[in-house]
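Trainee: First the structure, then my questions, so here it is.
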Amino acid sequence: MLERIDHVAFAVADIEVAIQHYTTVWGLSLAHREVVTEQGVEEAMFRLGESYLQLVAPLSPDTPVGRFLERRGEGLHHIAYRVASVSEALAEAVAAGQRPVDVTPRRGSRGTLVAFIHPKANHGVLVELVQDAGLPPGQPGATQEAG
Ligand code: CO
C-alpha cells in the first residue's frame with residue numbers, strides 16, 4: 001500500500017528562520033511554499049531526490065502544530081507516505097488496527113489529498129498518507145514555487 005516516502009516533516013517555530021537554515025546549512029533550494037489554513041500551518045518544501053523535506057510552522061499557538069511545539073519543541077513531526085488512494089490506504093490501516101486522526105481524507109498542500117494516522121498505535125510515529133489528487137492549490141506562501 002505504501003509506494004514511497006513523499007516527505008519527512010519538521011515542526012518549526014519560525015518558518016523564515018528555518019528556511020534560511022536549510023538553505024544555507026544544507027544547501028537545499030525551496031521548491032514550494034503554501035499556507036494550509038485547514039491544517040493551521042504554513043509549509044515549505046525542499047525537494048530531495050524523489051522526496052521532500054517539509055517544514056511546518058503553526059499559524060497560531062492554538063493549532064495541532066502550535067500545541068506540538070508547546071509540548072515538545074521543534075523537531076521531527078511526521079513522515080508522509082505516497083499512496084495510490086488515500087481512502088483505500090486509510091481503510092486498510094484502520095482495518096489493521098491503526099487509529100485515524102482523519103476519518104475521511106482532506107486537502108493537503110500541492111493539490112494533494114491526505115489523511116493522518118495517530119502515532120499511538122504506530123510506535124510513536126505520526127503518519128500522513130498522501131495521494132496526488134490535482135486539487136486546486138491553496139493560498140500561496142510569501143515565496144511560492146521558488147525553484
Ligand atoms: Co506533511
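Just remember, in the C-alpha cells the first chain shown is A, the second B, etc., residues are 1-based per chain, and ligands are 1-based in the order shown.
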Run DSSP on the backbone and grab whatever in chain A lands in alpha helix (DSSP H); send it over as a PyMOL selection string.
Mentor: chain A and resi 15-24+64-72+86-95
Trainee: Show me which residues are within 8 Å of ligand 1 counting only C-alpha atoms and all ligand atoms, and format the list as a PyMOL selection string.
Mentor: chain A and resi 7-9+54+56+78-80+108+128
Trainee: Residues as selected, N, CA, C and O atoms, written as a tab-separated table (two decimals), in the first residue's frame, can you do that?
Mentor:
chain	number	residue	atom	x	y	z
A	7	HIS	N	7.35	12.78	1.97
A	7	HIS	CA	8.14	13.79	2.67
A	7	HIS	C	8.32	13.44	4.14
A	7	HIS	O	7.58	12.62	4.68
A	8	VAL	N	9.33	14.04	4.72
A	8	VAL	CA	9.55	13.98	6.16
A	8	VAL	C	9.34	15.40	6.66
A	8	VAL	O	9.84	16.35	6.05
A	9	ALA	N	8.57	15.56	7.74
A	9	ALA	CA	8.19	16.90	8.17
A	9	ALA	C	8.80	17.26	9.52
A	9	ALA	O	8.82	16.45	10.45
A	54	GLN	N	9.89	18.76	4.55
A	54	GLN	CA	8.82	19.72	4.75
A	54	GLN	C	8.99	20.42	6.10
A	54	GLN	O	9.21	19.77	7.12
A	56	VAL	N	6.95	22.67	8.78
A	56	VAL	CA	5.60	23.11	9.13
A	56	VAL	C	5.68	24.06	10.32
A	56	VAL	O	6.26	23.74	11.35
A	78	HIS	N	6.25	14.42	11.45
A	78	HIS	CA	5.59	13.25	10.85
A	78	HIS	C	6.33	12.78	9.61
A	78	HIS	O	7.19	13.49	9.09
A	79	ILE	N	6.00	11.56	9.18
A	79	ILE	CA	6.51	11.05	7.91
A	79	ILE	C	5.31	10.83	7.01
A	79	ILE	O	4.25	10.40	7.47
A	80	ALA	N	5.47	11.19	5.74
A	80	ALA	CA	4.36	11.06	4.79
A	80	ALA	C	4.70	10.03	3.73
A	80	ALA	O	5.77	10.09	3.12
A	108	GLY	N	-4.49	18.47	1.22
A	108	GLY	CA	-3.15	18.80	1.69
A	108	GLY	C	-2.57	19.89	0.82
A	108	GLY	O	-3.30	20.52	0.04
A	128	GLU	N	1.34	10.45	7.69
A	128	GLU	CA	0.44	11.12	6.76
A	128	GLU	C	0.43	10.30	5.48
A	128	GLU	O	1.49	9.96	4.95
Trainee: Extract the full set of strand (DSSP E or B) residues from chain A according to DSSP on the backbone, and format it as a ChimeraX atom specification.
Mentor: /A:4-11,30-36,41-48,51-58,75-82,100,106-107,112-117,127-132,139-140
Trainee: Residues near A:Val101, anyone? I mean within 8 Å using only C-alpha atoms, not counting same-chain ones fewer than 5 positions away, as a VMD selection string.
Mentor: chain A and resid 115 to 118
Trainee: Restricting the calculation to only C-alpha atoms: of A:Arg67, A:His77, A:Arg72, A:Arg4, which residue gets closest to A:Ser51?
Mentor: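 Looking at the shortest contact to A:Ser51, the residue is A:Arg4.
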Trainee: What does the distance between atom CA of A:Pro136 and atom CA of A:Gly66 come to in Å, to one decimal place?
Mentor: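 Computed distance, atom CA of A:Pro136 to atom CA of A:Gly66, equals 25.8 Å.
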Trainee: Measuring between only C-alpha atoms, which one of A:Leu55, A:Leu2, A:Val36, A:Val127 shows the shortest distance to A:Ile19?
Mentor: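 Ranked by minimum distance to A:Ile19, first place goes to A:Leu55.
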Trainee: Residues within 10 Å of A:Glu50, please, as a ChimeraX atom specification. Count only C-alpha atoms; anything in the same chain fewer than 2 positions from it doesn't count.
Mentor: /A:4-7,47-48,52
Trainee: Would you mind telling me which residue in A:Leu69, A:Ala31, A:Val83, A:Val130 lies nearest to A:Val12 when using only C-alpha atoms?
Mentor: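 Using only C-alpha atoms, A:Val12 sits closest to A:Leu69.
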Trainee: Taking only C-alpha atoms into account, which of A:Leu113, A:Leu59, A:Leu126, A:Thr104 comes nearest A:Phe10?
Mentor: A:Leu126
Trainee: Report as a ChimeraX atom specification all protein, DNA and RNA residues lying within 10 Å of A:Ile15, evaluated on only C-alpha atoms, omitting residues in the same chain fewer than 2 positions from it.
Mentor: /A:11-13,17-21,42-44,55-58
Trainee: In Å, with one decimal, what is the gap from atom CA of A:Arg99 to atom CA of A:Ala121?
Mentor: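 Distance between the two atoms: 6.6 Å.
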Trainee: So what do you get for atom CA of A:Pro100 versus atom CA of A:Val114, distance-wise?
Mentor: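 The value is 11.6 Å.
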